[in-house]
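Undergrad: Next comes the structure file start_0.pdb, holding PDB, C-alpha atoms and all ligand atoms.
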```pdb
ATOM      1  CA  MET M   1       2.743  10.513   7.621
ATOM      2  CA  ILE M   2       3.443   7.109   6.088
ATOM      3  CA  LYS M   3       7.197   6.815   5.483
ATOM      4  CA  ALA M   4       7.634   3.118   4.738
ATOM      5  CA  ILE M   5       5.802  -0.048   3.756
ATOM      6  CA  PHE M   6       6.724  -3.492   5.044
ATOM      7  CA  PHE M   7       5.647  -6.224   2.636
ATOM      8  CA  ASP M   8       5.022  -9.895   3.020
ATOM      9  CA  PHE M   9       6.368 -11.714  -0.043
ATOM     10  CA  ASP M  10       4.451 -14.917  -0.910
ATOM     11  CA  GLY M  11       0.931 -14.182  -2.103
ATOM     12  CA  THR M  12       1.494 -10.446  -1.723
ATOM     13  CA  LEU M  13       4.233  -9.468  -4.178
ATOM     14  CA  ALA M  14       4.587 -12.753  -6.013
ATOM     15  CA  ASP M  15       2.260 -15.591  -6.890
ATOM     16  CA  THR M  16       4.253 -18.454  -5.446
ATOM     17  CA  ALA M  17       1.343 -20.737  -4.537
ATOM     18  CA  PRO M  18       1.351 -23.023  -7.621
ATOM     19  CA  ALA M  19       5.153 -23.248  -7.312
ATOM     20  CA  ILE M  20       5.021 -24.081  -3.600
ATOM     21  CA  VAL M  21       2.234 -26.640  -4.039
ATOM     22  CA  ARG M  22       4.160 -28.380  -6.811
ATOM     23  CA  THR M  23       7.456 -28.393  -4.872
ATOM     24  CA  ALA M  24       5.840 -29.623  -1.643
ATOM     25  CA  GLN M  25       3.979 -32.402  -3.438
ATOM     26  CA  GLU M  26       7.143 -33.494  -5.278
ATOM     27  CA  SER M  27       9.014 -33.551  -1.951
ATOM     28  CA  PHE M  28       6.385 -35.778  -0.299
ATOM     29  CA  ARG M  29       6.388 -38.029  -3.377
ATOM     30  CA  MET M  30      10.186 -38.390  -3.226
ATOM     31  CA  MET M  31       9.961 -39.322   0.464
ATOM     32  CA  GLY M  32       7.355 -41.974  -0.339
ATOM     33  CA  LEU M  33       4.779 -40.244   1.875
ATOM     34  CA  PRO M  34       1.104 -39.506   1.098
ATOM     35  CA  VAL M  35       0.924 -36.370  -1.072
ATOM     36  CA  PRO M  36      -1.038 -33.476   0.517
ATOM     37  CA  SER M  37      -3.816 -31.768  -1.449
ATOM     38  CA  ASP M  38      -3.322 -28.377  -3.119
ATOM     39  CA  GLU M  39      -5.553 -26.731  -0.504
ATOM     40  CA  THR M  40      -3.697 -28.310   2.428
ATOM     41  CA  VAL M  41      -0.412 -26.909   1.142
ATOM     42  CA  ARG M  42      -1.915 -23.492   0.360
ATOM     43  CA  GLN M  43      -3.249 -23.028   3.880
ATOM     44  CA  THR M  44       0.278 -23.298   5.313
ATOM     45  CA  ILE M  45       1.881 -20.745   3.009
ATOM     46  CA  GLY M  46       3.247 -17.909   5.125
ATOM     47  CA  ILE M  47       4.646 -19.925   8.003
ATOM     48  CA  PRO M  48       8.244 -21.220   8.057
ATOM     49  CA  LEU M  49       8.929 -24.141   5.728
ATOM     50  CA  THR M  50       9.688 -26.883   8.266
ATOM     51  CA  GLN M  51       6.530 -26.126  10.251
ATOM     52  CA  ALA M  52       4.502 -25.860   7.049
ATOM     53  CA  LEU M  53       5.640 -29.292   5.810
ATOM     54  CA  GLN M  54       5.035 -30.764   9.241
ATOM     55  CA  LYS M  55       1.444 -29.513   9.159
ATOM     56  CA  GLN M  56       0.851 -30.634   5.573
ATOM     57  CA  GLY M  57       1.765 -34.265   6.273
ATOM     58  CA  ASN M  58       1.406 -34.607  10.061
ATOM     59  CA  LEU M  59       5.149 -35.310  10.112
ATOM     60  CA  SER M  60       7.386 -36.010  13.074
ATOM     61  CA  ASP M  61      10.043 -33.377  13.838
ATOM     62  CA  ALA M  62      12.751 -35.477  12.183
ATOM     63  CA  GLU M  63      10.605 -36.142   9.098
ATOM     64  CA  ALA M  64       9.828 -32.430   8.800
ATOM     65  CA  VAL M  65      13.518 -31.495   8.875
ATOM     66  CA  ARG M  66      14.230 -34.109   6.196
ATOM     67  CA  ALA M  67      11.273 -32.887   4.108
ATOM     68  CA  ALA M  68      12.581 -29.293   4.333
ATOM     69  CA  GLU M  69      15.993 -30.457   3.060
ATOM     70  CA  ILE M  70      14.419 -32.248   0.112
ATOM     71  CA  TYR M  71      12.193 -29.242  -0.549
ATOM     72  CA  ALA M  72      15.258 -26.959  -0.607
ATOM     73  CA  ASP M  73      16.948 -29.304  -3.115
ATOM     74  CA  ASN M  74      13.818 -29.183  -5.264
ATOM     75  CA  PHE M  75      13.554 -25.383  -5.192
ATOM     76  CA  LEU M  76      15.511 -24.639  -8.364
ATOM     77  CA  THR M  77      13.804 -27.424 -10.337
ATOM     78  CA  PHE M  78      10.177 -26.741  -9.407
ATOM     79  CA  GLU M  79       9.589 -23.590  -7.398
ATOM     80  CA  GLY M  80      12.053 -21.020  -8.792
ATOM     81  CA  PRO M  81      10.882 -21.188 -12.424
ATOM     82  CA  LEU M  82       7.135 -21.188 -11.604
ATOM     83  CA  VAL M  83       6.989 -18.019  -9.479
ATOM     84  CA  LYS M  84       5.178 -15.051 -11.056
ATOM     85  CA  VAL M  85       5.080 -11.428  -9.897
ATOM     86  CA  PHE M  86       1.460 -10.262  -9.447
ATOM     87  CA  PRO M  87       0.004  -7.681 -11.859
ATOM     88  CA  HIS M  88       0.851  -4.005 -11.243
ATOM     89  CA  VAL M  89       3.425  -4.824  -8.554
ATOM     90  CA  LYS M  90       6.493  -3.447 -10.323
ATOM     91  CA  GLU M  91       4.845  -0.214 -11.531
ATOM     92  CA  THR M  92       3.363   0.422  -8.105
ATOM     93  CA  LEU M  93       6.632  -0.245  -6.261
ATOM     94  CA  SER M  94       8.337   2.127  -8.635
ATOM     95  CA  GLU M  95       5.646   4.760  -7.991
ATOM     96  CA  LEU M  96       5.916   4.287  -4.210
ATOM     97  CA  ARG M  97       9.674   4.719  -4.449
ATOM     98  CA  THR M  98       9.171   7.959  -6.401
ATOM     99  CA  MET M  99       6.903   9.134  -3.577
ATOM    100  CA  GLY M 100       9.906   8.704  -1.264
ATOM    101  CA  LEU M 101       8.570   5.712   0.667
ATOM    102  CA  GLY M 102      10.966   3.168   2.119
ATOM    103  CA  MET M 103      10.182  -0.479   1.356
ATOM    104  CA  ALA M 104      11.154  -3.642   3.193
ATOM    105  CA  ILE M 105      10.209  -7.318   3.086
ATOM    106  CA  CYS M 106       9.397  -9.487   6.072
ATOM    107  CA  THR M 107       8.868 -13.079   5.074
ATOM    108  CA  SER M 108       8.889 -16.541   6.594
ATOM    109  CA  ARG M 109      10.736 -17.697   3.462
ATOM    110  CA  ASN M 110      14.439 -18.566   3.643
ATOM    111  CA  LYS M 111      16.915 -15.881   2.596
ATOM    112  CA  GLU M 112      18.438 -17.859  -0.304
ATOM    113  CA  SER M 113      15.137 -18.544  -2.051
ATOM    114  CA  LEU M 114      13.908 -14.976  -1.502
ATOM    115  CA  GLU M 115      17.105 -13.516  -2.956
ATOM    116  CA  TYR M 116      16.907 -15.916  -5.882
ATOM    117  CA  ILE M 117      13.355 -14.871  -6.759
ATOM    118  CA  LEU M 118      13.981 -11.136  -6.232
ATOM    119  CA  GLU M 119      16.996 -11.347  -8.520
ATOM    120  CA  HIS M 120      15.300 -13.413 -11.235
ATOM    121  CA  ARG M 121      12.020 -11.464 -11.212
ATOM    122  CA  GLU M 122      13.600  -7.990 -11.275
ATOM    123  CA  LEU M 123      12.350  -6.970  -7.835
ATOM    124  CA  LYS M 124      15.743  -6.738  -6.155
ATOM    125  CA  GLU M 125      16.251  -3.007  -6.742
ATOM    126  CA  PHE M 126      13.247  -2.050  -4.594
ATOM    127  CA  PHE M 127      14.269  -3.692  -1.331
ATOM    128  CA  SER M 128      17.456  -3.042   0.559
ATOM    129  CA  LEU M 129      16.024  -4.278   3.830
ATOM    130  CA  LYS M 130      14.737  -7.832   4.197
ATOM    131  CA  LEU M 131      13.971 -10.043   7.145
ATOM    132  CA  THR M 132      13.638 -13.764   6.502
ATOM    133  CA  ASN M 133      13.399 -17.042   8.359
ATOM    134  CA  ASN M 134      17.221 -16.927   8.573
ATOM    135  CA  ASP M 135      16.985 -13.996  11.006
ATOM    136  CA  ARG M 136      15.547 -16.448  13.545
ATOM    137  CA  LEU M 137      12.905 -14.091  14.889
ATOM    138  CA  THR M 138       9.660 -15.414  16.362
ATOM    139  CA  PRO M 139       7.590 -16.097  13.221
ATOM    140  CA  LYS M 140       4.298 -14.455  12.189
ATOM    141  CA  PRO M 141       1.772 -13.808  13.633
ATOM    142  CA  ALA M 142       4.113 -12.594  16.397
ATOM    143  CA  PRO M 143       4.971  -8.921  15.859
ATOM    144  CA  ASP M 144       8.738  -9.477  16.156
ATOM    145  CA  MET M 145       9.682  -9.083  12.482
ATOM    146  CA  VAL M 146       7.862  -5.781  12.171
ATOM    147  CA  LEU M 147       9.247  -4.551  15.494
ATOM    148  CA  ALA M 148      12.769  -5.437  14.304
ATOM    149  CA  LEU M 149      12.231  -3.513  11.065
ATOM    150  CA  LEU M 150      10.905  -0.502  13.006
ATOM    151  CA  GLU M 151      14.010  -0.572  15.135
ATOM    152  CA  ARG M 152      16.331  -0.824  12.143
ATOM    153  CA  THR M 153      14.620   1.979  10.243
ATOM    154  CA  GLY M 154      14.100   4.185  13.292
ATOM    155  CA  LEU M 155      10.471   4.671  12.257
ATOM    156  CA  GLY M 156       7.435   4.820  14.508
ATOM    157  CA  ALA M 157       4.658   2.234  14.129
ATOM    158  CA  ASP M 158       2.306   5.015  12.971
ATOM    159  CA  GLU M 159       4.631   5.788  10.040
ATOM    160  CA  VAL M 160       4.461   2.297   8.550
ATOM    161  CA  LEU M 161       1.946   0.184   6.636
ATOM    162  CA  VAL M 162       2.194  -3.606   6.794
ATOM    163  CA  VAL M 163       0.893  -5.366   3.683
ATOM    164  CA  GLY M 164       0.128  -9.072   3.436
ATOM    165  CA  ASP M 165      -2.164 -11.754   2.042
ATOM    166  CA  THR M 166      -2.774 -13.827   5.179
ATOM    167  CA  THR M 167      -4.221 -13.321   8.640
ATOM    168  CA  PHE M 168      -0.672 -14.048   9.966
ATOM    169  CA  ASP M 169       0.610 -10.862   8.290
ATOM    170  CA  ILE M 170      -2.289  -8.708   9.434
ATOM    171  CA  GLU M 171      -2.084  -9.938  12.990
ATOM    172  CA  MET M 172       1.700  -9.346  12.995
ATOM    173  CA  GLY M 173       1.230  -5.756  11.774
ATOM    174  CA  ASN M 174      -1.645  -5.001  14.124
ATOM    175  CA  ARG M 175       0.231  -6.382  17.126
ATOM    176  CA  ALA M 176       3.228  -4.168  16.267
ATOM    177  CA  GLY M 177       0.886  -1.145  16.274
ATOM    178  CA  CYS M 178       1.105  -0.490  12.531
ATOM    179  CA  ARG M 179      -1.777   0.023  10.160
ATOM    180  CA  THR M 180      -2.388  -2.987   7.944
ATOM    181  CA  VAL M 181      -3.443  -3.674   4.377
ATOM    182  CA  ALA M 182      -4.770  -7.084   3.319
ATOM    183  CA  VAL M 183      -4.599  -8.176  -0.317
ATOM    184  CA  THR M 184      -7.355 -10.527  -1.454
ATOM    185  CA  TYR M 185      -5.608 -12.100  -4.466
ATOM    186  CA  GLY M 186      -3.238 -14.197  -2.320
ATOM    187  CA  ASN M 187      -3.620 -17.264  -0.122
ATOM    188  CA  HIS M 188      -6.382 -16.254   2.302
ATOM    189  CA  SER M 189      -9.903 -15.279   1.292
ATOM    190  CA  ARG M 190     -11.447 -11.887   2.000
ATOM    191  CA  GLU M 191     -13.626 -13.438   4.717
ATOM    192  CA  GLN M 192     -10.625 -15.028   6.400
ATOM    193  CA  LEU M 193      -8.655 -11.779   6.189
ATOM    194  CA  LEU M 194     -11.477  -9.735   7.731
ATOM    195  CA  THR M 195     -11.290 -11.857  10.886
ATOM    196  CA  ALA M 196      -7.844 -10.324  11.538
ATOM    197  CA  SER M 197      -9.209  -6.733  11.247
ATOM    198  CA  PRO M 198      -7.004  -5.161   8.598
ATOM    199  CA  ASP M 199      -7.331  -1.356   8.245
ATOM    200  CA  TRP M 200      -7.744  -1.700   4.482
ATOM    201  CA  VAL M 201      -8.562  -4.548   2.098
ATOM    202  CA  ILE M 202      -7.478  -4.268  -1.547
ATOM    203  CA  ASP M 203      -8.106  -6.478  -4.591
ATOM    204  CA  ASP M 204      -5.333  -5.047  -6.771
ATOM    205  CA  PHE M 205      -1.796  -4.093  -5.723
ATOM    206  CA  ARG M 206      -2.195  -0.726  -7.487
ATOM    207  CA  GLU M 207      -4.791   0.328  -4.892
ATOM    208  CA  LEU M 208      -1.932   0.658  -2.422
ATOM    209  CA  LEU M 209      -1.253   4.133  -3.808
ATOM    210  CA  SER M 210      -4.674   5.359  -2.728
ATOM    211  CA  VAL M 211      -4.341   3.559   0.625
ATOM    212  CA  VAL M 212      -1.160   5.545   1.316
ATOM    213  CA  ASN M 213      -3.050   8.731   0.516
ATOM    214  CA  LYS M 214      -5.999   7.704   2.693
ATOM    215  CA  ALA M 215      -3.676   6.753   5.546
ATOM    216  CA  ASN M 216      -2.084  10.175   5.345
ATOM    217  CA  SER M 217      -5.359  12.057   5.072
ATOM    218  CA  ALA M 218      -6.823  10.086   8.010
ATOM    219  CA  THR M 219      -4.194  11.699  10.215
ATOM    220  CA  GLY M 220      -4.726  15.106   8.562
ATOM    221  CA  GLU M 221      -1.204  15.146   7.284
ATOM    222  CA  ILE M 222      -1.521  16.023   3.625
ATOM    223  CA  THR M 223       0.609  19.088   3.100
ATOM    224  CA  LEU M 224       0.022  21.438   0.174
ATOM    225  CA  ALA M 225       3.208  20.088  -1.404
ATOM    226  CA  ARG M 226       1.945  16.544  -0.991
ATOM    227  CA  ALA M 227      -1.432  17.469  -2.467
ATOM    228  CA  GLN M 228       0.330  18.899  -5.521
ATOM    229  CA  GLN M 229       2.336  15.690  -5.802
ATOM    230  CA  MET M 230      -0.788  13.505  -5.361
ATOM    231  CA  VAL M 231      -2.514  15.286  -8.231
ATOM    232  CA  ASP M 232       0.548  14.792 -10.413
ATOM    233  CA  GLU M 233       0.780  11.093  -9.515
ATOM    234  CA  TRP M 234      -2.888  10.580 -10.285
ATOM    235  CA  ILE M 235      -2.622  12.317 -13.651
ATOM    236  CA  HIS M 236       0.327  10.135 -14.641
ATOM    237  CA  THR M 237      -1.266   6.929 -13.328
ATOM    238  CA  TYR M 238      -4.850   7.334 -14.553
ATOM    239  CA  GLY M 239      -5.184  10.581 -16.494
ATOM    240  CA  VAL M 240      -2.747   9.863 -19.374
ATOM    241  CA  ARG M 241      -1.710  13.557 -19.400
ATOM    242  CA  TYR M 242      -2.869  16.967 -18.195
ATOM    243  CA  PHE M 243      -5.533  18.766 -20.216
ATOM    244  CA  SER M 244      -4.017  21.895 -21.741
ATOM    245  CA  GLU M 245      -3.664  24.906 -19.440
ATOM    246  CA  LEU M 246      -6.480  26.702 -21.228
ATOM    247  CA  THR M 247      -8.797  23.672 -21.001
ATOM    248  CA  ASN M 248      -8.106  23.374 -17.287
ATOM    249  CA  MET M 249      -8.792  27.089 -16.875
ATOM    250  CA  ALA M 250     -12.211  26.477 -18.445
ATOM    251  CA  VAL M 251     -12.717  23.446 -16.153
ATOM    252  CA  LEU M 252     -11.781  25.564 -13.115
ATOM    253  CA  THR M 253     -14.405  28.111 -14.100
ATOM    254  CA  GLU M 254     -16.970  25.340 -14.502
ATOM    255  CA  GLU M 255     -16.118  23.832 -11.084
ATOM    256  CA  VAL M 256     -16.374  27.242  -9.405
ATOM    257  CA  GLY M 257     -19.790  27.583 -11.092
ATOM    258  CA  GLU M 258     -20.893  24.208  -9.694
ATOM    259  CA  LEU M 259     -19.807  25.243  -6.211
ATOM    260  CA  ALA M 260     -21.674  28.540  -6.675
ATOM    261  CA  ARG M 261     -24.847  26.627  -7.626
ATOM    262  CA  ILE M 262     -24.778  24.603  -4.403
ATOM    263  CA  MET M 263     -23.916  27.612  -2.245
ATOM    264  CA  SER M 264     -26.699  29.722  -3.755
ATOM    265  CA  ARG M 265     -29.236  26.954  -3.117
ATOM    266  CA  LYS M 266     -28.008  25.955   0.328
ATOM    267  CA  TYR M 267     -27.146  29.357   1.827
ATOM    268  CA  GLY M 268     -28.714  31.774  -0.672
ATOM    269  CA  ASP M 269     -32.227  32.350  -1.893
ATOM    270  CA  GLN M 270     -32.388  29.634  -4.544
ATOM    271  CA  SER M 271     -33.841  26.163  -3.936
ATOM    272  CA  PHE M 272     -32.551  22.727  -4.912
ATOM    273  CA  LYS M 273     -34.101  20.824  -7.793
ATOM    274  CA  PRO M 274     -35.121  17.263  -6.834
ATOM    275  CA  GLY M 275     -32.097  14.935  -6.743
ATOM    276  CA  GLU M 276     -29.483  17.688  -6.919
ATOM    277  CA  PRO M 277     -26.386  17.267  -4.714
ATOM    278  CA  THR M 278     -26.468  19.516  -1.643
ATOM    279  CA  ASP M 279     -23.026  18.952  -0.174
ATOM    280  CA  PRO M 280     -20.446  21.541  -1.296
ATOM    281  CA  SER M 281     -17.430  19.478  -0.150
ATOM    282  CA  ASP M 282     -17.037  17.524  -3.370
ATOM    283  CA  GLU M 283     -17.222  20.691  -5.484
ATOM    284  CA  MET M 284     -14.675  22.394  -3.252
ATOM    285  CA  ALA M 285     -12.352  19.425  -3.767
ATOM    286  CA  ASP M 286     -12.901  19.718  -7.541
ATOM    287  CA  VAL M 287     -11.956  23.401  -7.461
ATOM    288  CA  LEU M 288      -8.808  22.614  -5.482
ATOM    289  CA  TRP M 289      -7.970  19.731  -7.782
ATOM    290  CA  VAL M 290      -8.049  21.804 -10.968
ATOM    291  CA  LEU M 291      -6.186  24.634  -9.271
ATOM    292  CA  LEU M 292      -3.433  22.200  -8.284
ATOM    293  CA  CYS M 293      -3.362  20.872 -11.860
ATOM    294  CA  LEU M 294      -2.827  24.420 -13.118
ATOM    295  CA  ALA M 295      -0.133  25.012 -10.484
ATOM    296  CA  ASN M 296       1.698  21.861 -11.596
ATOM    297  CA  GLN M 297       1.369  22.809 -15.243
ATOM    298  CA  THR M 298       2.627  26.356 -14.770
ATOM    299  CA  GLY M 299       5.436  25.506 -12.339
ATOM    300  CA  VAL M 300       3.837  27.225  -9.337
ATOM    301  CA  ASN M 301       4.812  25.968  -5.886
ATOM    302  CA  ILE M 302       1.532  26.448  -4.033
ATOM    303  CA  THR M 303       3.168  26.257  -0.602
ATOM    304  CA  ASP M 304       5.538  29.155  -1.393
ATOM    305  CA  ALA M 305       2.762  31.102  -3.104
ATOM    306  CA  PHE M 306       0.413  30.614  -0.148
ATOM    307  CA  VAL M 307       3.017  31.705   2.417
ATOM    308  CA  LYS M 308       3.981  34.787   0.373
ATOM    309  CA  ASN M 309       0.323  35.624  -0.172
ATOM    310  CA  LEU M 310      -0.374  35.427   3.555
ATOM    311  CA  GLU M 311       2.583  37.742   4.271
ATOM    312  CA  LYS M 312       1.337  40.181   1.657
ATOM    313  CA  LYS M 313      -2.179  40.176   3.090
ATOM    314  CA  THR M 314      -0.822  40.749   6.577
ATOM    315  CA  SER M 315       1.393  43.678   5.651
ATOM    316  CA  ARG M 316      -1.253  45.257   3.403
ATOM    317  CA  ASP M 317      -4.419  44.619   5.408
ATOM    318  CA  LYS M 318      -3.299  44.325   9.013
ATOM    319  CA  ASN M 319      -5.233  47.478  10.031
ATOM    320  CA  ARG M 320      -7.774  47.639   7.238
ATOM    321  CA  HIS M 321     -10.317  45.084   8.529
ATOM    322  CA  ILE M 322      -9.878  46.006  12.205
ATOM    323  CA  ASN M 323     -10.752  49.608  11.270
ATOM    324  CA  ASN M 324     -13.761  48.630   9.144
ATOM    325  CA  PRO M 325     -16.860  49.586  11.175
ATOM    326  CA  LYS M 326     -19.052  47.339   9.016
ATOM    327  CA  LEU M 327     -17.288  44.282  10.413
ATOM    328  CA  LYS M 328     -18.016  45.183  14.009
TER     329      LYS M 328
HETATM  330 MG    MG V 401       1.973 -14.297   2.201
END
```
Mind turning this structure into structure tokens?
TA:
Amino acid sequence: MIKAIFFDFDGTLADTAPAIVRTAQESFRMMGLPVPSDETVRQTIGIPLTQALQKQGNLSDAEAVRAAEIYADNFLTFEGPLVKVFPHVKETLSELRTMGLGMAICTSRNKESLEYILEHRELKEFFSLKLTNNDRLTPKPAPDMVLALLERTGLGADEVLVVGDTTFDIEMGNRAGCRTVAVTYGNHSREQLLTASPDWVIDDFRELLSVVNKANSATGEITLARAQQMVDEWIHTYGVRYFSELTNMAVLTEEVGELARIMSRKYGDQSFKPGEPTDPSDEMADVLWVLLCLANQTGVNITDAFVKNLEKKTSRDKNRHINNPKLK
């Protein structure tokens, strides 16, 4: 069961690239050095600042330290105001929090600038746990930041998703034994990201909700309670509202009819018309879906109902079927 998500920050939660490019270029300009191209700067986003600047301008160690100081001075003028949160990030984080998932950030960014952006872009409330360059851990793509977060949260690697926009993030997550999600709207292209073998690739932050569900179903760990919750989340995210109880009762009848059609053709004496679906699994899922809708709408806890029903069947029928000669 997925219990927490560890997020990269730049290019994953917030679009910081134009801000970083501008600030880096201004810093080089102020030092009287050749100004790196937009693409050169972009390719270094995700690694610690001093190393990034060193790469961008082939700087000596001393020059890189000086460049990082100038960059830090320029942060509030250029970078801070230009940062934008990506679409659907806030709603999705809020939804993930409602689902009971823990959320942490592991970034190569310095603590001060991260805190500044979280505060000024209304993201602060979602993250109590953050690891930054100030924690002095071996930077991405080493797994150390994720391993440190696992230790602090007491979670197992199989209970965590690592989400990022660069191969550095994916490699970090994979090396820590977590499952990984690459976002394509950040600093590395889909093709680049695929070379690091992420478990999932998403184009929109909102898709993270379905990744969590897929991750849980891949390990067979959707409980009945969780399934009820998943239906409710879907209805409120995509369905606007539930159909009325009576409408859903009619839909349930229709879905049972569609399952009956497949069963009668596949296992009974009827035959399929050309092009008709032959797999009953999708219809079974439809039946379950509408049933869970009705349970949510009528306040039924399916887990309790199922357990009570099983007890009732046992006490009522425990000898009935064993004594039925037709079943022998
Ligand atoms: Mg990033």
Undergrad: Please enumerate the residues selected by the PyMOL selection byres (((chain M and resi 138) around 12) and not hetatm) when evaluated against the supplied file, formatted as a compact mmCIF listing (two decimals) with C-alpha atoms, keeping the file's coordinate frame.
TA:
```txt
# COMPACT_ATOMS: atom_id res chain seq x y z
CA ILE M 47 4.65 -19.92 8.00
CA PRO M 48 8.24 -21.22 8.06
CA CYS M 106 9.40 -9.49 6.07
CA THR M 107 8.87 -13.08 5.07
CA SER M 108 8.89 -16.54 6.59
CA LEU M 131 13.97 -10.04 7.14
CA THR M 132 13.64 -13.76 6.50
CA ASN M 133 13.40 -17.04 8.36
CA ASN M 134 17.22 -16.93 8.57
CA ASP M 135 16.98 -14.00 11.01
CA ARG M 136 15.55 -16.45 13.54
CA LEU M 137 12.90 -14.09 14.89
CA PRO M 139 7.59 -16.10 13.22
CA LYS M 140 4.30 -14.46 12.19
CA PRO M 141 1.77 -13.81 13.63
CA ALA M 142 4.11 -12.59 16.40
CA PRO M 143 4.97 -8.92 15.86
CA ASP M 144 8.74 -9.48 16.16
CA MET M 145 9.68 -9.08 12.48
CA VAL M 146 7.86 -5.78 12.17
CA LEU M 147 9.25 -4.55 15.49
CA ALA M 148 12.77 -5.44 14.30
CA MET M 172 1.70 -9.35 13.00
```
Undergrad: Could you spell out the hits of the PyMOL selection byres (((not hetatm)) within 6 of (chain V and resi 401)) on the shown file, as an mmCIF file with C-alpha atoms, in the coordinates of the input?
TA:
```
data_model
loop_
_atom_site.group_PDB
_atom_site.id
_atom_site.type_symbol
_atom_site.label_atom_id
_atom_site.label_comp_id
_atom_site.auth_asym_id
_atom_site.auth_seq_id
_atom_site.Cartn_x
_atom_site.Cartn_y
_atom_site.Cartn_z
ATOM 1 C CA ASP M 8 5.022 -9.895 3.020
ATOM 2 C CA PHE M 9 6.368 -11.714 -0.043
ATOM 3 C CA ASP M 10 4.451 -14.917 -0.910
ATOM 4 C CA GLY M 11 0.931 -14.182 -2.103
ATOM 5 C CA THR M 12 1.494 -10.446 -1.723
ATOM 6 C CA GLY M 46 3.247 -17.909 5.125
ATOM 7 C CA GLY M 164 0.128 -9.072 3.436
ATOM 8 C CA ASP M 165 -2.164 -11.754 2.042
ATOM 9 C CA THR M 166 -2.774 -13.827 5.179
#
```
Undergrad: Find the residues around Ser128 in chain M up to 10 Å (all atoms listed in the file counted), leave out those fewer than 2 positions away in its own chain, and share them as a list in words.
TA: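 Returned residues: Gly102, Met103, Ala104, Ile105, Lys124, Glu125, Phe126 and Lys130 of chain M.
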Undergrad: Can you tell me how far CA of Pro280 in chain M sits from CA of Val251 in chain M, in Å to one decimal?
TA: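 For CA of Pro280 in chain M relative to CA of Val251 in chain M, the distance reads 16.9 Å.
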Undergrad: Go ahead and compute the interatomic distance for CA of Leu327 in chain M and CA of Glu283 in chain M, in Å to one decimal.
TA: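 So the two atoms, CA of Leu327 in chain M and CA of Glu283 in chain M, lie 28.4 Å apart.
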Undergrad: Residues near range 229-239 of chain M, anyone? I mean within 8 Å using only C-alpha atoms, not counting same-chain ones fewer than 3 positions away, as a list in words.
TA: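 Those residues are Asn213, Ala225, Arg226, Tyr242, Trp289, Leu292, Cys293 and Asn296 of chain M.
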Undergrad: Smallest atom-to-atom distance to Ala250 in chain M: which of M:Lys55, M:Leu291, M:Gln43, M:Asp304, using all atoms listed in the file?
TA: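 Using all atoms listed in the file, the shortest distance to Ala250 in chain M belongs to M:Leu291.
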Undergrad: Looking at M:Glu276, M:Gln51, M:Gly177, M:Leu13, which one is nearest to Leu118 in chain M, with distances taken over all atoms listed in the file?
TA: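 Smallest separation from Leu118 in chain M among the options: M:Leu13.
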Undergrad: Return as a list in words the set of residues that the PyMOL selection byres (((chain M and resi 302) around 10) and not hetatm) yields on the displayed structure.
TA: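 Selected by the PyMOL selection byres (((chain M and resi 302) around 10) and not hetatm) in this file: Leu224, Ala225, Ala227, Gln228, Leu291, Leu292, Ala295, Asn296, Gly299, Val300, Asn301, Thr303, Asp304, Ala305, Phe306, Val307 and Lys308 of chain M.
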Undergrad: Measure the distance from CA of Ser94 in chain M to CA of Ile222 in chain M in Å and round it to one decimal.
TA: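 Result for CA of Ser94 in chain M versus CA of Ile222 in chain M: 21.0 Å, one decimal.
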Undergrad: Which one is closest to Cys178 in chain M: M:Leu101, M:Leu194, M:Val163, M:Ala157? Count all atoms listed in the file.
TA: M:Ala157
Undergrad: Can you tell me, as a list in words, what residues are no more than 12 Å from Gly32 in chain M when counting all atoms listed in the file, ignoring any on the same chain fewer than 5 positions away?
TA: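 Near Gly32 in chain M, the qualifying residues are Gln25, Glu26, Ser27, Gly57, Glu63 and Ala67 of chain M.
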Undergrad: Quick one: residues within 9 Å of Gln54 in chain M, only C-alpha atoms counted, chain neighbours fewer than 4 positions away excluded, as a PDB file with C-alpha atoms, keeping the file's coordinate frame?
TA:
```pdb
ATOM      1  CA  LEU M  49       8.929 -24.141   5.728  1.00  0.00           C
ATOM      2  CA  THR M  50       9.688 -26.883   8.266  1.00  0.00           C
ATOM      3  CA  ASN M  58       1.406 -34.607  10.061  1.00  0.00           C
ATOM      4  CA  LEU M  59       5.149 -35.310  10.112  1.00  0.00           C
ATOM      5  CA  SER M  60       7.386 -36.010  13.074  1.00  0.00           C
ATOM      6  CA  ASP M  61      10.043 -33.377  13.838  1.00  0.00           C
ATOM      7  CA  GLU M  63      10.605 -36.142   9.098  1.00  0.00           C
ATOM      8  CA  ALA M  64       9.828 -32.430   8.800  1.00  0.00           C
ATOM      9  CA  VAL M  65      13.518 -31.495   8.875  1.00  0.00           C
ATOM     10  CA  ALA M  67      11.273 -32.887   4.108  1.00  0.00           C
TER      11      ALA M  67
END
```
Undergrad: Ranking M:Phe127, M:Glu191, M:Ala4, M:Met99 by minimum distance to Glu115 in chain M and counting only C-alpha atoms, which one comes first?
TA: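 Under the stated criterion, the closest residue is M:Phe127.
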Undergrad: Measuring atom to atom with only C-alpha atoms, identify which of M:Asn74, M:Leu161, M:Arg261, M:Lys273 is nearest to Ala215 in chain M.
TA: M:Leu161
Undergrad: Quick one: residues within 10 Å of Arg121 in chain M, all atoms listed in the file, excluding same-chain residues fewer than 6 positions away - as a PyMOL selection string?
TA: chain M and resi 14+80-81+83-85+90+115
Undergrad: List the residues sitting within 12 Å of (-1.9, -7.1, 3.3) in the file's frame, using only C-alpha atoms, as a PyMOL selection string.
TA: chain M and resi 5-13+106+161-174+178-190+193-194+196-205+207-208+211
Undergrad: Take every atom of range 31-44 of chain M listed in the file, fit an axis-aligned box around them, add 4 Å per side, and give the centre and edge lengths in Å to one decimal as lines of an AutoDock Vina configuration file.
TA:
```
center_x = 2.2
center_y = -32.5
center_z = 1.1
size_x = 23.5
size_y = 26.9
size_z = 16.4
```
